[in-house]
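Visitor: Next up is a structure, given as structure tokens.
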Amino acid sequence: MSNTRQINFTLNGTPVSAEVGTHLSLVELLREKFDLFGARESCAQGLCGCCTVLLDGQAVSGCLYLAALADGAKIDTVEGLGTRDTLDPVQEAFIEAGAFQCGFCTPGFVLMTKQLLDENPNPSEDDIRHYLSGNLCRCGAYPEIIAAVKAASAKRKAAG
Amino acid sequence: MAVKEIQSGQVGRSLPRLESAAKVTGHADYVHNLRLPGMLHVKVFRSSIPHGRIRRLDVSAAKQLAGVHSVITSDDIRTIIPEPYFGPAFHDQPILAIDKVRHIGEPVAVVLASDPHVAEEGVALIQAEYDELPGVYDEVAGATATTYVHDTLKPAGTFPDLKHLQGKSNTNIALDYQLRRGDVEAAFAKADHVFEHTFRTQQVMHVPLEPMVSAAELTATGLTIYTASQSPSFVRIEIARLLGWPENKVRVKVPHLGGGFGAKLYVKLEALVAALALLTRRPVKLSLRMDEQFFTISKHASTFKIKSGVTKDGKIVARRCDVWWNGGAYADIGPRVTQKSGFTAAGPYDIENVHLDSFAVYTTRPPAGALRGFGIPQLVWAYESHTDLIARALDIDPVEIRRKNILREGRPQATGTKMKDAAIEQVLERLAARMNWDRSFDRGAGTIRRGRGIGIGFKAVIAPTTSVAIVNVYADGSCSLYCSTVDMGQGSDTIMAQIVAEVLNLPAETVNVVHPDTDVTPYDMATLGSRSTFHMGNAVRIAAEDAKAKLAALAKEVGLPAGANVPISEIFKKKYGMQAGNVIGSGSFIPSYKSPDHETGMTDNATPFWMIGGTGAEVEIDTDTGDIKILRIVNVADCGTPINPRIVDTQLSGGAIMQLGFTLTEEMQFDNGQLRNPTLADYKIPGMRDMPTVMENEAVAARQHDGPFGAKGVGESATFGLSPAIANAIHDAVGVRLTELPLTPERLYRALAAANGKPLKD
């Protein structure tokens, strides 16, 4: 359990390094070494999407992804997307649509929505339901999340 | 009724949640994120059997593991808390198992270490040996079993109506509640028809996505507990009782919760972390894994035998209800569920003769408590399925039979309490209208069949309970609200701010809501049972009005003419000569209530208010596979006058989606007391693709006369009617009746095969 290694990676655009235990997960690394709490462990099986982070632009479950494997990667978390003063259009759309209640799953949904709209700027409702089926919201904000994704799509188009 | 009381336009706004930006950027504060300097992580060694005496517990290997700080068992706990039993209704639950284990997953010992992975490794080194005892799993069999889960009953003394149970032994019945109205047997004898059915519900779990988490640390004067709790005031009082301390030595702080739904009520992990902080003199934190939540609290499985006498034209004249609640190994709030929900078991119907028996039964399953509806969804499941079966048998339209029987304003409910501000009729009629009930419906053909159904239910609020609030106006005119209502996602911070803003004529966005901190925020019974809008809402309104009156008095004192339009900051400046001082308004609210008579269950004041919820469902069945597709769900509720219409809307759809999981997929599955599926891989909660094609919500135009600005609770209302609406729709589509939740394709396929004369083997 005491094996550690040095990793270097880019975190929300900034080059960083860390000494990590080989058992450490990416979500633990972000929390313990970088004070980033947006990605959260919930089911610990990669099924709920609460721990979603983008690794080289692809969503991964931070609870299952070993931190050591992030060496050399580009990691983006919800904290890098927007700040409380300058929100990303996806975040704005989530607020306007009331697309969350407790907020615990929200960063995961926000990141997946961003990835969806990067791949498919005009998703249909079916596309949205399919793409976000790996994220769970126990408060049941799904109708508002679907509305938020549609609104975010429109916002991004309007912004060109 | 023309209500002119809303002047500032702050109540009635669909204001986005105050903490919106923090939530979408990942910055919202949860106990999940908390780190205390020098903190030890706690991991739990749990019982691997459902029922048995602990013969040997060997923690020596765990103690010797490098990095382990300590291993704690009940022997250690009892050095500081001699009677370490807790619970809101009964003092029956040990902090760690003492002599005996009563359910799978019961905490037996804990390992503490700075590194949670080391603590986890230590847990794996603990060994326990048990003398196994027979299990008690079924609530009906458990009520008469001769294997007893507890030697004697230990009511907490908090509730006067549980006192008669003190010291009772040789029983698994934790509470027997009864109501007697009229003479059901005589009415059955005279009725044209008598119908009797039995319905069952399964054990399910709340599954908040932020798993339960608590931390504790010693302070110079006592103990601070940081906890994801819906009931900070209860935690403080209960921990103080366990330690024999005054309340003011225990401080309980609660930030946002990542969901609660009733799971995070009363004491869950708090007594354990408090004891561990005292024993180790270090800050400690216990974060449950998802699977551990399933061993901690759940929703009652139930069996409901319901019998009705009905005239030939569909008027219900008598109803007998026998309800058994599977409470699991510890009572938690089960006895309250048994009584507080039990008295509405005959449904929102005007029935002259009612006979109710409701039993809280101890079993050797994980404990059951409150879950979004406090037992009501289990009852509505049965009585609305039963109502539909009666309608079908008498060839009466399901809406029509309800029109004939519903409780109308001013009529007495089974307890004798006259219905007031209960829009049952409007909910039924709006539901029928939205479902286009009087129009033809495409029933499909061949192997694809469609059907529709409705269910309506009602709920009384838990009573009597108290809320206290403080509004603090600062010298610049800004203000804070101090209240112990916990915002677990339902939006209470926002609507409480709207109430303050309405009274003080401020933008609601500018009101600072101070999160529960028992050293700072005043008492609140708990955030449960849809009580906060009404109870805390009233306390907040009174506190804001008190502050407003004091500001007016201050203005007069400094010589300002009455009604002068002077900024608040000027009033303070005139009084104190600079930007200084406070005006503090306080409000306390407890509604009137009268306990039911122990023998008859009668009272003329059973509840401060009624919640009404109805759901309509349209389903599509594939008769080749039993697949159940939900095409449309319509939720209609009476929540009085909404303070924030959008939040009401999301409470309705959120409640319905949660209940959809309890209806179609969720079930804690046991093999001889072993839980087979405590993970999200095997326990399926609804995802985006399980959503109905269409979901609609409506709050009927209504007003709660004594609610804050006409409002009352809404968090549970959409859970009432959904399960029976779907079962009724399935029956409508394919002519078979499912009487047990969840409604799975397999169960439906088996029922279809049986109906076709070709029953399948188990």
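Labeling convention for the structure tokens: chains A, B, ... as they appear, residues from 1 per chain, ligands from 1 in order of appearance.
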Show which residues sit within 10 Å of region 627-633 of chain B, as a JSON list (two decimals) with N, CA and C atoms, in the first residue's frame. Count only C-alpha atoms, and ignore same-chain residues fewer than 6 positions away.
Guide:
```json
[["chain", "number", "residue", "atom", "x", "y", "z"],
["B", 435, "MET", "N", -56.18, 13.72, -17.92],
["B", 435, "MET", "CA", -56.06, 12.39, -18.53],
["B", 435, "MET", "C", -57.04, 12.22, -19.70],
["B", 448, "ILE", "N", -49.27, -5.69, -28.44],
["B", 448, "ILE", "CA", -49.00, -4.39, -27.81],
["B", 448, "ILE", "C", -50.32, -3.81, -27.34],
["B", 449, "ARG", "N", -50.49, -3.75, -26.01],
["B", 449, "ARG", "CA", -51.76, -3.29, -25.43],
["B", 449, "ARG", "C", -51.52, -2.10, -24.53],
["B", 450, "ARG", "N", -52.45, -1.16, -24.58],
["B", 450, "ARG", "CA", -52.33, 0.04, -23.74],
["B", 450, "ARG", "C", -53.47, 0.12, -22.74],
["B", 451, "GLY", "N", -53.17, 0.77, -21.61],
["B", 451, "GLY", "CA", -54.19, 0.97, -20.60],
["B", 451, "GLY", "C", -53.90, 2.20, -19.78],
["B", 452, "ARG", "N", -54.87, 2.62, -19.01],
["B", 452, "ARG", "CA", -54.66, 3.81, -18.16],
["B", 452, "ARG", "C", -55.31, 3.59, -16.80],
["B", 453, "GLY", "N", -54.78, 4.28, -15.82],
["B", 453, "GLY", "CA", -55.31, 4.13, -14.47],
["B", 453, "GLY", "C", -54.97, 5.35, -13.64],
["B", 454, "ILE", "N", -55.70, 5.47, -12.52],
["B", 454, "ILE", "CA", -55.42, 6.58, -11.61],
["B", 454, "ILE", "C", -55.32, 6.06, -10.18],
["B", 615, "THR", "N", -52.23, 10.61, -9.08],
["B", 615, "THR", "CA", -51.40, 10.36, -10.26],
["B", 615, "THR", "C", -52.21, 9.55, -11.27],
["B", 616, "GLY", "N", -52.03, 9.90, -12.53],
["B", 616, "GLY", "CA", -52.61, 9.13, -13.62],
["B", 616, "GLY", "C", -51.50, 8.54, -14.46],
["B", 617, "ALA", "N", -51.71, 7.32, -14.95],
["B", 617, "ALA", "CA", -50.67, 6.66, -15.75],
["B", 617, "ALA", "C", -51.27, 6.08, -17.01],
["B", 618, "GLU", "N", -50.52, 6.19, -18.10],
["B", 618, "GLU", "CA", -50.84, 5.47, -19.33],
["B", 618, "GLU", "C", -49.68, 4.54, -19.62],
["B", 619, "VAL", "N", -49.97, 3.27, -19.83],
["B", 619, "VAL", "CA", -48.90, 2.30, -20.02],
["B", 619, "VAL", "C", -49.10, 1.52, -21.31],
["B", 620, "GLU", "N", -47.99, 0.94, -21.77],
["B", 620, "GLU", "CA", -48.04, 0.08, -22.95],
["B", 620, "GLU", "C", -47.36, -1.24, -22.58],
["B", 621, "ILE", "N", -48.06, -2.33, -22.81],
["B", 621, "ILE", "CA", -47.57, -3.65, -22.41],
["B", 621, "ILE", "C", -47.26, -4.47, -23.65],
["B", 653, "SER", "N", -42.49, 16.20, -9.87],
["B", 653, "SER", "CA", -41.91, 15.24, -10.82],
["B", 653, "SER", "C", -40.82, 14.41, -10.15],
["B", 656, "ALA", "N", -42.41, 11.70, -8.09],
["B", 656, "ALA", "CA", -43.01, 10.66, -8.95],
["B", 656, "ALA", "C", -41.92, 9.77, -9.55],
["B", 657, "ILE", "N", -40.80, 10.36, -9.94],
["B", 657, "ILE", "CA", -39.72, 9.56, -10.54],
["B", 657, "ILE", "C", -39.13, 8.61, -9.50],
["B", 660, "LEU", "N", -41.47, 5.86, -9.06],
["B", 660, "LEU", "CA", -41.42, 5.00, -10.24],
["B", 660, "LEU", "C", -40.39, 3.88, -10.04],
["B", 664, "LEU", "N", -41.33, -0.06, -10.14],
["B", 664, "LEU", "CA", -40.97, -0.92, -11.27],
["B", 664, "LEU", "C", -39.70, -1.75, -11.07],
["B", 690, "ASP", "N", -35.44, 5.60, -18.08],
["B", 690, "ASP", "CA", -36.61, 5.00, -17.42],
["B", 690, "ASP", "C", -37.74, 6.00, -17.26],
["B", 691, "MET", "N", -37.45, 7.24, -17.63],
["B", 691, "MET", "CA", -38.44, 8.30, -17.52],
["B", 691, "MET", "C", -39.61, 8.02, -18.44],
["B", 692, "PRO", "N", -40.83, 8.33, -17.99],
["B", 692, "PRO", "CA", -41.97, 8.22, -18.91],
["B", 692, "PRO", "C", -41.77, 9.14, -20.11],
["B", 693, "THR", "N", -42.38, 8.80, -21.22],
["B", 693, "THR", "CA", -42.28, 9.64, -22.42],
["B", 693, "THR", "C", -42.79, 11.05, -22.09],
["B", 694, "VAL", "N", -43.90, 11.12, -21.36],
["B", 694, "VAL", "CA", -44.47, 12.42, -20.99],
["B", 694, "VAL", "C", -44.71, 12.46, -19.49],
["B", 695, "MET", "N", -44.32, 13.56, -18.85],
["B", 695, "MET", "CA", -44.66, 13.74, -17.44],
["B", 695, "MET", "C", -45.21, 15.15, -17.24],
["B", 696, "GLU", "N", -46.38, 15.24, -16.62],
["B", 696, "GLU", "CA", -47.00, 16.55, -16.39],
["B", 696, "GLU", "C", -47.31, 16.71, -14.91],
["B", 697, "ASN", "N", -47.23, 17.94, -14.43],
["B", 697, "ASN", "CA", -47.50, 18.21, -13.02],
["B", 697, "ASN", "C", -48.46, 19.38, -12.90],
["B", 722, "LEU", "N", -48.91, 6.96, -7.53],
["B", 722, "LEU", "CA", -48.26, 6.45, -8.74],
["B", 722, "LEU", "C", -48.28, 4.92, -8.86],
["B", 725, "ALA", "N", -51.71, 3.62, -9.68],
["B", 725, "ALA", "CA", -52.12, 4.10, -11.01],
["B", 725, "ALA", "C", -51.54, 3.19, -12.09],
["B", 726, "ILE", "N", -50.28, 2.79, -11.90],
["B", 726, "ILE", "CA", -49.64, 1.93, -12.91],
["B", 726, "ILE", "C", -50.24, 0.52, -12.88],
["B", 729, "ALA", "N", -53.49, 0.68, -14.51],
["B", 729, "ALA", "CA", -53.34, 0.83, -15.96],
["B", 729, "ALA", "C", -52.96, -0.51, -16.61],
["B", 730, "ILE", "N", -52.12, -1.27, -15.92],
["B", 730, "ILE", "CA", -51.74, -2.59, -16.44],
["B", 730, "ILE", "C", -52.99, -3.49, -16.52],
["B", 743, "LEU", "N", -43.53, -4.01, -9.82],
["B", 743, "LEU", "CA", -44.27, -4.54, -10.97],
["B", 743, "LEU", "C", -43.26, -4.86, -12.06],
["B", 744, "THR", "N", -42.71, -6.05, -12.02],
["B", 744, "THR", "CA", -41.63, -6.40, -12.95],
["B", 744, "THR", "C", -42.21, -7.10, -14.18],
["B", 745, "PRO", "N", -41.48, -7.06, -15.29],
["B", 745, "PRO", "CA", -41.93, -7.81, -16.47],
["B", 745, "PRO", "C", -42.13, -9.29, -16.16],
["B", 746, "GLU", "N", -41.26, -9.85, -15.32],
["B", 746, "GLU", "CA", -41.41, -11.27, -15.00],
["B", 746, "GLU", "C", -42.73, -11.54, -14.29],
["B", 748, "LEU", "N", -45.41, -9.77, -14.40],
["B", 748, "LEU", "CA", -46.52, -9.56, -15.32],
["B", 748, "LEU", "C", -46.63, -10.74, -16.30],
["B", 749, "TYR", "N", -45.49, -11.18, -16.80],
["B", 749, "TYR", "CA", -45.49, -12.30, -17.75],
["B", 749, "TYR", "C", -46.08, -13.55, -17.11]]
```
Visitor: For chain A, work out the contacting residues on chain B at 7 Å, counting only C-alpha atoms, and write them as a PyMOL selection string.
Guide: chain B and resi 16+20-27+33+208-211+257-259+290+488-490+650+653-654+657-658+680+687-689
Visitor: Using DSSP on the backbone, list every residue of region 1-159 of chain A that comes out as alpha helix (DSSP H), and give them as a ChimeraX atom specification.
Guide: /A:26-34,89-97,106-119,125-131,142-158
Visitor: Just give me the gap between CA of Ala553 (chain B) and CA of Val583 (chain B) in Å, one decimal is fine.
Guide: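 Rounded to one decimal, the two atoms are 10.4 Å apart.
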Visitor: Tell me which of B:Gly334, B:Pro155, B:Gly721, B:Gly640 sits closest to Ala370 (chain B), counting only C-alpha atoms.
Guide: B:Gly334
Visitor: Residues of region 180-348 of chain B classed as strand (DSSP E or B) by DSSP on the backbone are to be reported as a PyMOL selection string.
Guide: chain B and resi 180-181+193-201+204+213-218+223-227+250-253+256+284-287+298-299+301-310+316-328
Visitor: For the interface of region 407-469 of chain B with region 341-363 of chain B (cut-off 12 Å, counting only C-alpha atoms), please tabulate each contacting residue of region 407-469 of chain B alongside its nearest pair of atoms and their separation in Å to one decimal, rows sorted by chain and increasing number, as a Markdown table.
Guide:
```
| residue | atom | partner | partner_atom | distance |
| --- | --- | --- | --- | --- |
| B:Leu407 | CA | B:Tyr349 | CA | 4.7 |
| B:Arg408 | CA | B:Asp350 | CA | 7.7 |
| B:Glu409 | CA | B:Asp350 | CA | 10.6 |
| B:Gly410 | CA | B:Asp350 | CA | 10.8 |
| B:Arg411 | CA | B:Asp350 | CA | 7.3 |
| B:Pro412 | CA | B:Asp350 | CA | 7.4 |
| B:Gln413 | CA | B:Asp350 | CA | 6.7 |
| B:Ala414 | CA | B:Val354 | CA | 6.6 |
| B:Thr415 | CA | B:Phe343 | CA | 7.1 |
| B:Gly416 | CA | B:Glu352 | CA | 10.1 |
| B:Thr417 | CA | B:Phe343 | CA | 11.1 |
| B:Lys418 | CA | B:Asp350 | CA | 10.8 |
| B:Met419 | CA | B:Pro348 | CA | 9.9 |
| B:Ala422 | CA | B:Pro348 | CA | 9.9 |
| B:Ala423 | CA | B:Pro348 | CA | 10.7 |
| B:Ile424 | CA | B:Pro348 | CA | 7.6 |
| B:Glu425 | CA | B:Pro348 | CA | 10.0 |
| B:Val427 | CA | B:Pro348 | CA | 11.6 |
| B:Leu428 | CA | B:Pro348 | CA | 10.9 |
| B:Gly455 | CA | B:Gly347 | CA | 10.6 |
| B:Ile456 | CA | B:Pro348 | CA | 7.8 |
| B:Gly457 | CA | B:Pro348 | CA | 6.3 |
| B:Phe458 | CA | B:Pro348 | CA | 6.1 |
| B:Lys459 | CA | B:Thr344 | CA | 7.0 |
| B:Ala460 | CA | B:Ser341 | CA | 7.4 |
| B:Val461 | CA | B:Ser341 | CA | 9.1 |
| B:Ile462 | CA | B:Ser341 | CA | 9.0 |
| B:Ala463 | CA | B:Ser341 | CA | 11.6 |
```
Visitor: Point out the residue among A:Pro89, A:Gly62, A:Gly49, A:Gly13 with the least atom-to-atom distance to Lys157 (chain A), counting only C-alpha atoms.
Guide: A:Pro89
Visitor: Can you pull out the residues contacting Arg365 (chain B)? Cut-off 10 Å, using only C-alpha atoms, and skip same-chain residues under 3 positions away; I want them as a ChimeraX atom specification.
Guide: /B:50-51,102-106,135-138,203,295,297-298,326-330,362,368,670,672-675
Visitor: Output the selection as a tab-separated table (two decimals), in the first residue's frame - C-alpha atoms for each residue.
Guide:
```tsv
chain	number	residue	atom	x	y	z
B	50	PRO	CA	-28.93	-11.82	10.34
B	51	HIS	CA	-29.47	-12.94	13.93
B	102	ARG	CA	-30.08	-8.51	14.83
B	103	HIS	CA	-29.60	-7.87	11.12
B	104	ILE	CA	-27.15	-8.40	8.32
B	105	GLY	CA	-24.69	-5.52	8.17
B	106	GLU	CA	-25.17	-4.41	11.79
B	135	GLY	CA	-34.30	-15.29	11.60
B	136	VAL	CA	-37.60	-13.40	11.50
B	137	TYR	CA	-38.09	-11.95	8.03
B	138	ASP	CA	-41.77	-11.66	7.23
B	203	GLN	CA	-38.22	-3.25	1.20
B	295	PHE	CA	-27.73	-1.84	6.02
B	297	ILE	CA	-32.00	2.39	6.99
B	298	SER	CA	-34.70	1.45	4.49
B	326	ASN	CA	-41.79	-4.74	8.48
B	327	GLY	CA	-39.72	-2.55	10.78
B	328	GLY	CA	-36.48	-4.51	10.67
B	329	ALA	CA	-34.27	-4.96	13.70
B	330	TYR	CA	-34.60	-1.49	15.25
B	362	TYR	CA	-39.60	-6.18	14.55
B	368	ALA	CA	-36.87	0.62	8.29
B	670	PHE	CA	-32.80	-11.26	0.61
B	672	ASN	CA	-32.09	-16.10	4.40
B	673	GLY	CA	-31.50	-12.62	5.73
B	674	GLN	CA	-28.51	-11.96	3.46
B	675	LEU	CA	-28.95	-8.89	1.26
```
